[in-house]
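Peer 1: If it helps, the file is called coords03.cif and holds mmCIF, C-alpha atoms and all ligand atoms:
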```
data_entry
loop_
_atom_site.label_atom_id
_atom_site.label_comp_id
_atom_site.auth_asym_id
_atom_site.auth_seq_id
_atom_site.Cartn_x
_atom_site.Cartn_y
_atom_site.Cartn_z
CA MET A 990 124.00 114.99 103.95
CA LYS A 991 120.51 116.46 103.78
CA ILE A 992 117.76 114.73 101.79
CA PHE A 993 114.46 116.26 100.70
CA VAL A 994 111.42 113.99 100.34
CA ALA A 995 108.35 115.30 98.49
CA VAL A 996 105.37 113.05 99.20
CA ASP A 997 102.31 112.87 96.98
CA MET A 998 99.44 110.50 97.67
CA GLU A 999 98.31 108.76 94.47
CA GLY A 1000 101.42 106.58 94.23
CA ILE A 1001 101.49 105.52 97.88
CA SER A 1002 101.42 101.76 98.44
CA GLY A 1003 97.93 100.39 99.06
CA ILE A 1004 96.28 103.27 97.17
CA PHE A 1005 94.33 102.52 93.99
CA GLN A 1006 91.25 104.76 93.96
CA SER A 1007 90.38 108.41 94.38
CA GLU A 1008 88.31 107.94 97.57
CA GLN A 1009 91.57 107.14 99.40
CA VAL A 1010 93.18 110.47 98.51
CA SER A 1011 90.20 112.84 98.91
CA PRO A 1012 89.64 114.41 102.36
CA GLY A 1013 86.08 113.75 103.53
CA SER A 1014 85.72 110.55 101.52
CA ARG A 1015 84.90 107.23 103.15
CA LEU A 1016 88.38 105.74 102.57
CA TYR A 1017 90.48 108.87 103.16
CA GLU A 1018 91.56 107.96 106.71
CA GLU A 1019 93.11 104.69 105.51
CA GLY A 1020 94.83 106.63 102.71
CA ARG A 1021 96.45 108.94 105.28
CA ARG A 1022 97.65 105.97 107.31
CA PHE A 1023 99.18 104.36 104.24
CA LEU A 1024 100.90 107.63 103.32
CA THR A 1025 102.35 108.00 106.82
CA GLN A 1026 103.64 104.41 106.74
CA ASP A 1027 105.40 105.00 103.40
CA VAL A 1028 106.93 108.22 104.76
CA ASN A 1029 108.29 106.38 107.81
CA ALA A 1030 109.74 103.63 105.61
CA CYS A 1031 111.44 106.24 103.44
CA VAL A 1032 112.83 108.19 106.41
CA GLU A 1033 114.18 104.95 107.87
CA GLY A 1034 115.87 104.11 104.57
CA CYS A 1035 117.35 107.60 104.22
CA PHE A 1036 119.04 107.47 107.63
CA ALA A 1037 120.21 103.90 107.02
CA GLY A 1038 121.74 105.08 103.75
CA GLY A 1039 123.77 107.86 105.40
CA ALA A 1040 121.48 110.90 105.49
CA GLU A 1041 122.10 113.26 108.43
CA GLN A 1042 118.99 115.34 107.97
CA VAL A 1043 115.68 114.55 106.23
CA VAL A 1044 112.93 117.05 105.41
CA VAL A 1045 109.59 115.67 104.21
CA ARG A 1046 107.16 117.94 102.35
CA ASP A 1047 103.50 116.92 102.07
CA ILE A 1048 102.82 118.00 98.49
CA HIS A 1049 99.37 116.43 97.89
CA GLY A 1050 96.54 119.00 97.60
CA GLY A 1051 96.48 121.24 100.70
CA GLY A 1052 99.59 119.60 102.20
CA ASN A 1053 97.74 118.29 105.23
CA HIS A 1054 97.63 114.48 105.09
CA PHE A 1055 100.17 113.11 107.57
CA VAL A 1056 98.96 111.23 110.65
CA TRP A 1057 101.07 113.59 112.72
CA GLU A 1058 101.51 111.55 115.88
CA ASP A 1059 102.73 108.51 113.96
CA LEU A 1060 105.60 110.17 112.05
CA ASP A 1061 109.24 109.16 112.53
CA PRO A 1062 110.71 111.67 115.03
CA ARG A 1063 114.08 111.88 113.25
CA ALA A 1064 112.80 113.87 110.24
CA GLU A 1065 111.28 117.35 109.96
CA TYR A 1066 108.03 117.94 108.13
CA VAL A 1067 106.71 120.72 105.87
CA ARG A 1068 102.91 120.99 105.98
CA GLY A 1069 100.41 123.32 104.31
CA ALA A 1070 101.24 126.10 101.88
CA THR A 1071 104.67 127.45 100.99
CA GLU A 1072 104.74 131.01 99.72
CA ARG A 1073 108.00 131.12 97.78
CA GLU A 1074 109.37 127.67 97.06
CA ARG A 1075 107.55 124.49 96.10
CA LEU A 1076 110.42 122.50 97.67
CA PRO A 1077 111.67 124.81 100.46
CA GLY A 1078 115.39 124.51 101.13
CA ILE A 1079 116.02 122.14 98.20
CA ALA A 1080 119.16 124.09 97.26
CA GLN A 1081 120.91 122.81 100.40
CA CYS A 1082 120.03 119.16 99.75
CA ALA A 1083 122.11 116.35 98.25
CA GLY A 1084 119.10 114.66 96.65
CA LEU A 1085 115.34 114.71 96.12
CA ILE A 1086 113.07 111.70 96.64
CA LEU A 1087 109.60 111.73 95.06
CA LEU A 1088 107.54 109.39 97.21
CA GLY A 1089 104.06 108.23 96.20
CA TYR A 1090 104.10 109.95 92.79
CA HIS A 1091 101.90 109.10 89.79
CA ALA A 1092 102.18 109.08 86.00
CA MET A 1093 101.43 112.11 83.82
CA ALA A 1094 97.94 112.99 82.55
CA GLY A 1095 96.72 110.63 79.87
CA THR A 1096 98.97 107.64 80.69
CA ARG A 1097 97.06 104.43 80.00
CA GLU A 1098 96.46 101.97 82.89
CA ALA A 1099 98.20 104.28 85.36
CA ILE A 1100 96.77 104.57 88.86
CA LEU A 1101 95.18 108.03 89.40
CA GLU A 1102 97.19 109.56 86.56
CA HIS A 1103 97.03 113.33 86.12
CA THR A 1104 99.30 116.36 85.93
CA MET A 1105 98.77 118.90 88.72
CA SER A 1106 94.96 118.97 88.33
CA SER A 1107 92.81 116.22 86.81
CA ARG A 1108 89.92 118.68 86.41
CA GLY A 1109 91.96 121.54 85.02
CA TRP A 1110 94.95 120.24 83.05
CA GLN A 1111 94.51 118.18 79.88
CA SER A 1112 98.15 118.05 78.87
CA PHE A 1113 101.35 119.81 79.78
CA ARG A 1114 104.63 120.29 77.94
CA MET A 1115 107.95 121.54 79.28
CA ASN A 1116 110.33 122.68 76.54
CA GLY A 1117 108.15 120.83 74.03
CA GLN A 1118 108.13 117.47 75.86
CA LEU A 1119 105.02 116.00 77.44
CA THR A 1120 105.83 116.19 81.15
CA GLY A 1121 104.23 115.02 84.40
CA GLU A 1122 104.77 115.94 88.03
CA VAL A 1123 107.96 113.89 88.34
CA GLY A 1124 109.44 115.97 85.51
CA ILE A 1125 108.27 119.25 87.04
CA ASP A 1126 109.62 118.51 90.53
CA ALA A 1127 112.84 116.95 89.22
CA GLY A 1128 113.18 120.16 87.19
CA ILE A 1129 112.76 122.39 90.24
CA ALA A 1130 115.48 120.42 92.05
CA ALA A 1131 117.64 120.71 88.92
CA ASP A 1132 117.22 124.52 89.02
CA HIS A 1133 119.53 124.24 92.05
CA GLY A 1134 121.75 121.47 90.66
CA VAL A 1135 120.12 118.84 92.89
CA PRO A 1136 119.52 115.32 91.50
CA THR A 1137 116.28 113.38 91.87
CA ILE A 1138 117.50 110.12 93.31
CA MET A 1139 114.37 108.01 93.83
CA VAL A 1140 110.72 107.74 92.86
CA SER A 1141 108.07 105.42 94.32
CA GLY A 1142 104.70 104.64 92.77
CA ASP A 1143 103.21 102.36 90.13
CA ASP A 1144 104.97 100.77 87.16
CA LYS A 1145 103.94 103.64 84.83
CA VAL A 1146 105.49 106.44 86.89
CA CYS A 1147 108.63 104.33 87.35
CA LYS A 1148 108.88 103.93 83.58
CA GLU A 1149 108.25 107.66 83.09
CA VAL A 1150 111.05 108.66 85.45
CA LYS A 1151 113.54 106.16 84.05
CA ARG A 1152 113.11 107.75 80.63
CA LEU A 1153 114.00 111.13 82.15
CA LEU A 1154 116.77 110.38 84.61
CA LYS A 1155 119.70 108.05 84.22
CA GLY A 1156 120.62 106.14 87.37
CA VAL A 1157 117.46 107.06 89.31
CA VAL A 1158 116.33 104.41 91.80
CA VAL A 1159 112.67 103.30 91.68
CA ALA A 1160 110.45 101.56 94.20
CA GLN A 1161 107.58 100.05 92.23
CA VAL A 1162 104.94 99.25 94.84
CA LYS A 1163 102.11 98.44 92.41
CA ILE A 1164 101.16 97.76 88.81
CA GLY A 1165 98.48 99.99 87.32
CA LEU A 1166 95.65 98.10 85.61
CA ALA A 1167 93.27 101.03 85.23
CA CYS A 1168 93.00 104.61 86.42
CA GLN A 1169 91.28 103.28 89.54
CA GLY A 1170 92.71 99.80 89.97
CA GLY A 1171 95.91 97.81 90.14
CA GLN A 1172 97.90 94.87 91.41
CA LEU A 1173 99.49 95.88 94.71
CA LEU A 1174 102.38 94.65 96.82
CA SER A 1175 101.36 93.84 100.40
CA ARG A 1176 101.92 96.41 103.13
CA GLU A 1177 104.95 94.58 104.43
CA ALA A 1178 106.53 94.01 101.03
CA SER A 1179 106.07 97.68 100.03
CA ARG A 1180 107.53 98.85 103.32
CA ASP A 1181 110.63 96.69 102.92
CA LEU A 1182 111.06 97.79 99.31
CA ILE A 1183 110.83 101.50 100.19
CA VAL A 1184 113.32 101.14 103.07
CA ARG A 1185 115.82 99.31 100.84
CA ARG A 1186 115.47 101.56 97.80
CA SER A 1187 115.62 104.81 99.82
CA SER A 1188 118.81 103.66 101.49
CA GLU A 1189 120.30 102.64 98.13
CA ALA A 1190 119.30 105.97 96.54
CA VAL A 1191 120.95 108.05 99.30
CA GLY A 1192 124.14 106.06 98.87
CA LYS A 1193 124.07 106.65 95.11
CA ALA A 1194 123.13 110.35 95.33
CA PRO A 1195 126.60 111.75 94.56
CA SER A 1196 126.70 109.77 91.29
CA ILE A 1197 123.22 110.73 89.98
CA GLU A 1198 122.95 113.70 87.59
CA PRO A 1199 120.24 116.32 87.97
CA LEU A 1200 117.57 116.45 85.24
CA ARG A 1201 118.74 118.45 82.25
CA VAL A 1202 116.42 121.37 81.49
CA LYS A 1203 117.35 124.09 79.01
CA SER A 1204 116.81 127.69 80.15
CA PRO A 1205 114.72 129.69 79.40
CA VAL A 1206 112.04 127.14 80.23
CA THR A 1207 108.84 127.11 78.19
CA MET A 1208 105.67 125.59 79.61
CA ARG A 1209 102.63 124.95 77.46
CA LEU A 1210 99.38 124.07 79.18
CA GLU A 1211 96.30 122.68 77.45
CA LEU A 1212 93.27 123.10 79.72
CA VAL A 1213 90.44 120.58 80.01
CA SER A 1214 87.71 123.12 79.38
CA ARG A 1215 87.21 126.16 77.22
CA GLY A 1216 86.80 129.66 78.65
CA ASN A 1217 89.53 129.29 81.30
CA LEU A 1218 92.47 130.94 79.57
CA PRO A 1219 94.27 133.56 81.68
CA HIS A 1220 93.44 137.16 80.88
CA LEU A 1221 96.40 138.94 79.34
CA ASP A 1222 95.93 141.86 81.77
CA SER A 1223 96.84 139.54 84.64
CA LYS A 1224 99.48 137.54 82.72
CA PRO A 1225 100.83 139.85 80.03
CA TYR A 1226 103.75 137.47 79.45
CA ALA A 1227 101.46 134.57 78.48
CA LYS A 1228 101.18 133.55 74.86
CA ILE A 1229 97.76 132.27 73.81
CA ILE A 1230 98.11 129.28 71.48
CA ASP A 1231 94.46 128.36 70.92
CA GLY A 1232 91.10 128.44 72.71
CA ARG A 1233 92.28 126.07 75.44
CA THR A 1234 96.07 126.36 75.34
CA TYR A 1235 98.62 128.93 76.48
CA GLU A 1236 102.33 129.15 77.03
CA VAL A 1237 104.69 130.91 79.44
CA THR A 1238 108.46 131.17 79.66
CA GLY A 1239 110.70 131.58 82.72
CA GLU A 1240 114.39 131.62 83.61
CA SER A 1241 113.94 128.51 85.77
CA VAL A 1242 111.42 125.66 86.09
CA GLU A 1243 110.12 127.15 89.32
CA GLN A 1244 109.68 130.62 87.78
CA ALA A 1245 107.90 129.28 84.69
CA LEU A 1246 105.62 127.17 86.90
CA ARG A 1247 104.73 130.18 89.03
CA ARG A 1248 103.94 132.21 85.91
CA LEU A 1249 101.55 129.52 84.72
ZN ZN B 1301 98.47 114.25 94.67
#
```
So, in terms of structure tokens, how does the structure I just supplied come out?
Ligand SMILES: [Zn+2]
Peer 2:
Amino acid sequence: MKIFVAVDMEGISGIFQSEQVSPGSRLYEEGRRFLTQDVNACVEGCFAGGAEQVVVRDIHGGGNHFVWEDLDPRAEYVRGATERERLPGIAQCAGLILLGYHAMAGTREAILEHTMSSRGWQSFRMNGQLTGEVGIDAGIAADHGVPTIMVSGDDKVCKEVKRLLKGVVVAQVKIGLACQGGQLLSREASRDLIVRRSSEAVGKAPSIEPLRVKSPVTMRLELVSRGNLPHLDSKPYAKIIDGRTYEVTGESVEQALRRL
């Protein structure tokens, strides 16, 4: 059984402010260490739960945040850009784990909430429903019939994913109290929780349904600022809704996302 782990940074245990997730910032190095520790806990749990192969994709901006020499040697790691697929090889996997994810843009008291880009994206809808990154990535896995089996992050992202996916396992490592603040489990407690929940999720994978997304998939993006709509010469398929909002449609979640 092969498991795919996509790891973002905002929902990693110990992280509560943007300086920890921004390369070059004073607290970034500790953020990378925390991320690597959560990855190792998750990989450990996956193998304990019966996985035979684990691929971990660094999906936070730029895809270059692991402390390379500290990673668990049993998994393989995707770093940097990927030209074709956001989750390369997901079609061959039995389940997707979203590690260190965060709630969608606009969620109150959610640690570092945003959808794809806090500067660019005001709100995002997939087939008419307000959707965050857990919904997008669960949708890409679902394009290939693959279930999203676990999410880790704060209480708000856990709530968001439970509304979307029946039977999904969550590892709530913190409670959001503001966009840049929260009540956090200790390092040790988060580690134990991630190991246990990852193992449980792998065991349950065959019984968890993929996210249901109707095709064709429509994505509507409201931008933060005016004047940034795509030009119809470059995206002739885009439908302009208003001065800050446009819409695209695709056969799959991944295709619609690429067209955006
Ligand atoms: Zn991120």
Peer 1: Given a cut-off of 9 Å, what residues near ligand ZN 1301 (chain B) show up using only C-alpha atoms and all ligand atoms, put as a ChimeraX atom specification?
Peer 2: /A:996-1000,1010,1048-1050,1089-1091,1101,1103,1105-1106
Peer 1: Write out as CSV the residues of region 1171-1226 of chain A that have any atom within 7 Å of an atom of region 1140-1161 of chain A, one row each with the nearest atom pair and its distance in Å to one decimal, counting all atoms listed in the file, sorted by chain and then rising number.
Peer 2:
```
residue,atom,partner,partner_atom,distance
A:Leu1182,CA,A:Ala1160,CA,6.4
A:Ile1183,CA,A:Ala1160,CA,6.0
A:Arg1186,CA,A:Ala1160,CA,6.2
A:Ala1190,CA,A:Val1158,CA,5.8
A:Ile1197,CA,A:Gly1156,CA,5.9
A:Leu1200,CA,A:Leu1154,CA,6.2
```
Peer 1: Of the residues A:Ser1112, A:Thr1137, A:Gln1042, A:Ser1241, which is the one nearest to Lys1203 (chain A), using all atoms listed in the file?
Peer 2: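 Closest residue, counting all atoms listed in the file: A:Ser1241.
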Peer 1: One decimal, Å: what's the distance from CA of Gly1052 (chain A) over to CA of Val1067 (chain A), could you say?
Peer 2: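 According to the coordinates, CA of Gly1052 (chain A) and CA of Val1067 (chain A) are separated by 8.1 Å.
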Peer 1: Distance cut-off 9 Å, centre (89.5, 104.9, 92.3) in file coordinates, counting only C-alpha atoms: which residues qualify? Return them as a short mmCIF file (atom, residue, chain, number, x, y, z; two decimals) with C-alpha atoms, in the coordinates of the input.
Peer 2:
```cif
data_model
loop_
_atom_site.label_atom_id
_atom_site.label_comp_id
_atom_site.auth_asym_id
_atom_site.auth_seq_id
_atom_site.Cartn_x
_atom_site.Cartn_y
_atom_site.Cartn_z
CA ILE A 1004 96.28 103.27 97.17
CA PHE A 1005 94.33 102.52 93.99
CA GLN A 1006 91.25 104.76 93.96
CA SER A 1007 90.38 108.41 94.38
CA GLU A 1008 88.31 107.94 97.57
CA GLN A 1009 91.57 107.14 99.40
CA ILE A 1100 96.77 104.57 88.86
CA LEU A 1101 95.18 108.03 89.40
CA ALA A 1167 93.27 101.03 85.23
CA CYS A 1168 93.00 104.61 86.42
CA GLN A 1169 91.28 103.28 89.54
CA GLY A 1170 92.71 99.80 89.97
#
```
Peer 1: Which one of A:Pro1077, A:Gly1192, A:Gly1020, A:Pro1219 sits closest to Met1139 (chain A) if you count only C-alpha atoms?
Peer 2: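 Nearest to Met1139 (chain A): A:Gly1192.
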Peer 1: Please report the interatomic distance between CA of Gly1003 (chain A) and CA of Val1162 (chain A) in Å with one decimal.
Peer 2: 8.3 Å
Peer 1: Please, what distance in Å, to one decimal, runs between CA of Gln1244 (chain A) and CA of Val1028 (chain A)?
Peer 2: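 These atoms are spaced 28.2 Å apart.
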Peer 1: Pick out the closest residue to Leu1085 (chain A) from this set: A:Thr1025, A:Ser1187, A:Thr1234, A:Thr1120. Count only C-alpha atoms.
Peer 2: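 Of A:Thr1025, A:Ser1187, A:Thr1234, A:Thr1120, the one nearest Leu1085 (chain A), counting only C-alpha atoms, is A:Ser1187.
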Peer 1: Give me the residues within 8 Å of Pro1136 (chain A) as JSON, numbers by chain, counting only C-alpha atoms and dropping any in the same chain fewer than 2 places off.
Peer 2: {"A": [1083, 1084, 1085, 1127, 1130, 1131, 1134, 1138, 1194, 1197, 1198, 1199, 1200]}
Peer 1: Between A:Ile1230, A:Val1213, A:Ile1001, A:Ala995, which one has atoms that come closest to Asp1126 (chain A), using only C-alpha atoms?
Peer 2: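 Counting only C-alpha atoms, the residue closest to Asp1126 (chain A) is A:Ala995.
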